[in-house]
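Peer 1: Got final14.tsv for you, TSV, C-alpha atoms:
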```tsv
chain	number	residue	atom	x	y	z
A	244	MET	CA	117.99	100.20	96.36
A	245	ASN	CA	116.37	101.96	93.42
A	246	GLN	CA	114.39	98.79	92.63
A	247	LEU	CA	113.11	98.58	96.22
A	248	THR	CA	112.12	102.23	96.15
A	249	ARG	CA	110.37	101.73	92.83
A	250	ILE	CA	108.46	98.67	94.08
A	251	LEU	CA	107.74	99.59	97.70
A	252	GLY	CA	107.61	103.38	97.50
A	253	VAL	CA	104.30	103.61	95.68
A	254	PRO	CA	102.24	101.59	98.22
A	255	HIS	CA	103.87	103.54	101.05
A	256	GLU	CA	102.97	106.91	99.56
A	257	LEU	CA	99.47	105.76	98.59
A	258	LEU	CA	98.85	104.90	102.25
A	259	HIS	CA	99.79	108.48	103.20
A	260	LEU	CA	97.37	109.78	100.56
A	261	LEU	CA	94.65	107.42	101.81
A	262	ALA	CA	95.14	108.62	105.39
A	263	LEU	CA	94.84	112.23	104.25
A	264	ARG	CA	91.60	111.42	102.42
A	265	VAL	CA	90.23	109.69	105.52
A	266	ILE	CA	90.65	112.88	107.56
A	267	GLY	CA	89.23	114.96	104.70
A	268	ARG	CA	92.45	116.61	103.59
A	269	ARG	CA	94.65	116.54	100.51
A	270	ALA	CA	98.40	116.42	100.10
A	271	VAL	CA	100.20	119.66	99.27
A	272	SER	CA	102.05	117.69	96.58
A	273	TRP	CA	103.15	114.13	95.99
A	274	THR	CA	105.37	111.91	93.90
A	275	ARG	CA	105.92	108.18	93.94
A	276	THR	CA	108.61	108.66	96.60
A	277	HIS	CA	107.31	111.53	98.74
A	278	VAL	CA	104.08	113.11	100.02
A	279	ASP	CA	104.05	116.66	101.37
A	280	ILE	CA	101.72	116.59	104.35
A	281	PRO	CA	99.97	119.91	105.19
A	282	ASP	CA	101.60	121.74	108.12
A	283	ASP	CA	98.33	122.68	109.81
A	284	LEU	CA	97.31	119.16	110.90
A	285	THR	CA	96.72	118.51	114.56
A	286	ASP	CA	99.21	116.21	116.29
A	287	ASN	CA	96.75	113.31	116.22
A	288	GLN	CA	96.06	113.80	112.52
A	289	TYR	CA	99.78	114.03	111.77
A	290	VAL	CA	100.54	110.83	113.67
A	291	PHE	CA	97.74	109.05	111.81
A	292	VAL	CA	98.81	110.27	108.37
A	293	ALA	CA	102.53	109.72	108.89
A	294	GLY	CA	102.12	106.48	110.82
A	295	LEU	CA	99.53	104.61	108.75
A	296	PRO	CA	102.12	102.97	106.47
A	297	ALA	CA	104.06	101.71	109.51
A	298	LEU	CA	100.89	100.25	111.02
A	299	VAL	CA	99.86	98.54	107.78
A	300	PHE	CA	103.31	97.13	107.10
A	301	VAL	CA	103.88	95.85	110.63
A	302	MET	CA	100.50	94.09	110.42
A	303	LEU	CA	101.50	92.61	107.05
A	304	ALA	CA	104.82	91.35	108.45
A	305	LEU	CA	103.05	89.84	111.47
A	306	MET	CA	100.46	88.16	109.26
A	307	GLY	CA	103.31	86.64	107.23
A	308	MET	CA	104.96	85.35	110.40
A	309	TYR	CA	101.69	83.89	111.60
A	310	ALA	CA	101.09	82.29	108.21
A	311	ILE	CA	104.56	80.69	108.25
A	312	ALA	CA	103.82	79.14	111.64
A	313	ASN	CA	100.52	77.73	110.36
A	314	ALA	CA	101.52	76.75	106.81
A	315	GLN	CA	100.70	73.17	105.92
A	316	THR	CA	102.11	72.99	102.39
A	317	TYR	CA	105.20	74.30	100.60
A	318	PRO	CA	103.23	76.81	98.49
A	319	GLN	CA	101.63	78.20	101.65
A	320	SER	CA	105.07	78.51	103.24
A	321	ILE	CA	106.51	80.30	100.22
A	322	LEU	CA	103.56	82.70	100.04
A	323	ALA	CA	103.86	83.40	103.76
A	324	ILE	CA	107.58	84.12	103.40
A	325	VAL	CA	106.92	86.49	100.49
A	326	VAL	CA	104.27	88.36	102.53
A	327	MET	CA	106.58	88.56	105.55
A	328	VAL	CA	109.55	89.81	103.51
A	329	PHE	CA	107.39	92.38	101.69
A	330	GLY	CA	105.98	93.61	105.01
A	331	THR	CA	109.37	93.71	106.71
A	332	LEU	CA	111.12	95.55	103.87
A	333	SER	CA	108.24	98.01	103.63
A	334	LEU	CA	108.30	98.50	107.38
A	335	SER	CA	111.98	99.42	107.26
A	336	GLY	CA	111.05	102.19	104.83
A	337	THR	CA	108.85	103.79	107.47
A	338	ALA	CA	111.75	104.55	109.82
A	339	GLY	CA	111.93	108.10	108.47
A	340	ASP	CA	108.22	108.62	109.06
A	341	LEU	CA	108.52	107.39	112.64
A	342	GLN	CA	111.45	109.75	113.17
A	343	LEU	CA	109.38	112.68	111.85
A	344	ILE	CA	106.54	111.76	114.22
A	345	ALA	CA	108.94	111.63	117.18
A	346	ASP	CA	110.48	114.95	116.16
A	347	ARG	CA	107.12	116.69	115.84
A	348	LEU	CA	105.86	115.36	119.16
A	349	SER	CA	109.08	116.22	120.98
A	350	THR	CA	109.13	119.81	119.74
A	351	LYS	CA	105.56	120.42	120.97
A	352	LYS	CA	106.46	119.87	124.63
```
Go ahead and render the structure in this file as structure tokens.
Peer 2:
Amino acid sequence: MNQLTRILGVPHELLHLLALRVIGRRAVSWTRTHVDIPDDLTDNQYVFVAGLPALVFVMLALMGMYAIANAQTYPQSILAIVVMVFGTLSLSGTAGDLQLIADRLSTKK
């Protein structure tokens, strides 16, 4: 598990940092395994910042699945499987982010 966190944690957290930069904000603090998102974001901004990794990784997993279906050689198949596995494992790491989004949106109502 530590190896997966070491490999997949950095891209996940960098996507949070990228999303914050896109909306013109900065993280309160960050490490390679966690980004502190500012509390004063609007709900839409929070969903974007917290959900961007999930969106990117689900797209990556889907691209891998599509590539497997259209692979014509063994190297293409292997590359597609690697992309799909990377996307799927990374997507599983976003479950906590999706839970935080659901919690924030449910407490607002």
Peer 1: Using all atoms listed in the file, which of the listed residues (A:Gly339, A:Pro318, A:Gly267, A:Gly307) sits closest to A:His255?
Peer 2: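 Of A:Gly339, A:Pro318, A:Gly267, A:Gly307, the one nearest A:His255 is A:Gly339, counting all atoms listed in the file.
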Peer 1: How many Å separate atom CA of A:Val271 from atom CA of A:Thr337?
Peer 2: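 Between atom CA of A:Val271 and atom CA of A:Thr337 the gap works out to 19.8 Å.
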Peer 1: Choose the residue, out of A:Ala312, A:Ala262, A:Leu332, A:Ile321, that has the smallest atom-to-atom separation from A:Tyr289; count all atoms listed in the file.
Peer 2: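 Nearest to A:Tyr289: A:Ala262.
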Peer 1: One decimal, in Å: what's the spacing between atom CA of A:Thr331 and atom CA of A:Ser272?
Peer 2: 27.0 Å
Peer 1: Using atom CA of A:Leu261 and atom CA of A:Leu343 as the two end points, give the distance in Å to one decimal.
Peer 2: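 Atom CA of A:Leu343 lies at a distance of 18.6 Å from atom CA of A:Leu261.
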Peer 1: Within 10 Å of A:Gly330, counting only C-alpha atoms, which residues show up once you throw out same-chain ones fewer than 2 positions away? Write them as a list in words, please.
Peer 2: Leu251, Ala297, Val299, Phe300, Val301, Met302, Leu303, Ala304, Leu305, Met306, Gly307, Met308, Ile324, Val325, Val326, Met327, Val328, Leu332, Ser333, Leu334, Ser335 and Gly336 of chain A
Peer 1: Only C-alpha atoms, please: the residues just picked out, written as a compact mmCIF listing (two decimals), in the coordinates of the input.
Peer 2:
```txt
# COMPACT_ATOMS: atom_id res chain seq x y z
CA LEU A 251 107.74 99.59 97.70
CA ALA A 297 104.06 101.71 109.51
CA VAL A 299 99.86 98.54 107.78
CA PHE A 300 103.31 97.13 107.10
CA VAL A 301 103.88 95.85 110.63
CA MET A 302 100.50 94.09 110.42
CA LEU A 303 101.50 92.61 107.05
CA ALA A 304 104.82 91.35 108.45
CA LEU A 305 103.05 89.84 111.47
CA MET A 306 100.46 88.16 109.26
CA GLY A 307 103.31 86.64 107.23
CA MET A 308 104.96 85.35 110.40
CA ILE A 324 107.58 84.12 103.40
CA VAL A 325 106.92 86.49 100.49
CA VAL A 326 104.27 88.36 102.53
CA MET A 327 106.58 88.56 105.55
CA VAL A 328 109.55 89.81 103.51
CA LEU A 332 111.12 95.55 103.87
CA SER A 333 108.24 98.01 103.63
CA LEU A 334 108.30 98.50 107.38
CA SER A 335 111.98 99.42 107.26
CA GLY A 336 111.05 102.19 104.83
```
Peer 1: A:Arg275: which residues within 10 Å, counting only C-alpha atoms, same-chain residues fewer than 6 positions away excluded, as a list of chain:residue names?
Peer 2: A:Thr248, A:Arg249, A:Ile250, A:Leu251, A:Gly252, A:Val253, A:Pro254, A:His255, A:Glu256, A:Leu257
Peer 1: Of the candidates A:Pro296, A:Val290, A:Gln319, A:Gln246, which one gets nearest to A:Leu260 if we count all atoms listed in the file?
Peer 2: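 Ranked by minimum distance to A:Leu260, first place goes to A:Pro296.
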Peer 1: Do you know which residues are at most 8 Å from A:Ala270 counting all atoms listed in the file, after dropping those on the same chain fewer than 6 positions away, and could you put them as a CSV table (one decimal) with C-alpha atoms, keeping the file's coordinate frame?
Peer 2:
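around-v9.csv, written as the output of this step:
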```
chain,number,residue,atom,x,y,z
A,260,LEU,CA,97.4,109.8,100.6
A,263,LEU,CA,94.8,112.2,104.2
A,278,VAL,CA,104.1,113.1,100.0
A,279,ASP,CA,104.0,116.7,101.4
A,280,ILE,CA,101.7,116.6,104.4
A,281,PRO,CA,100.0,119.9,105.2
```
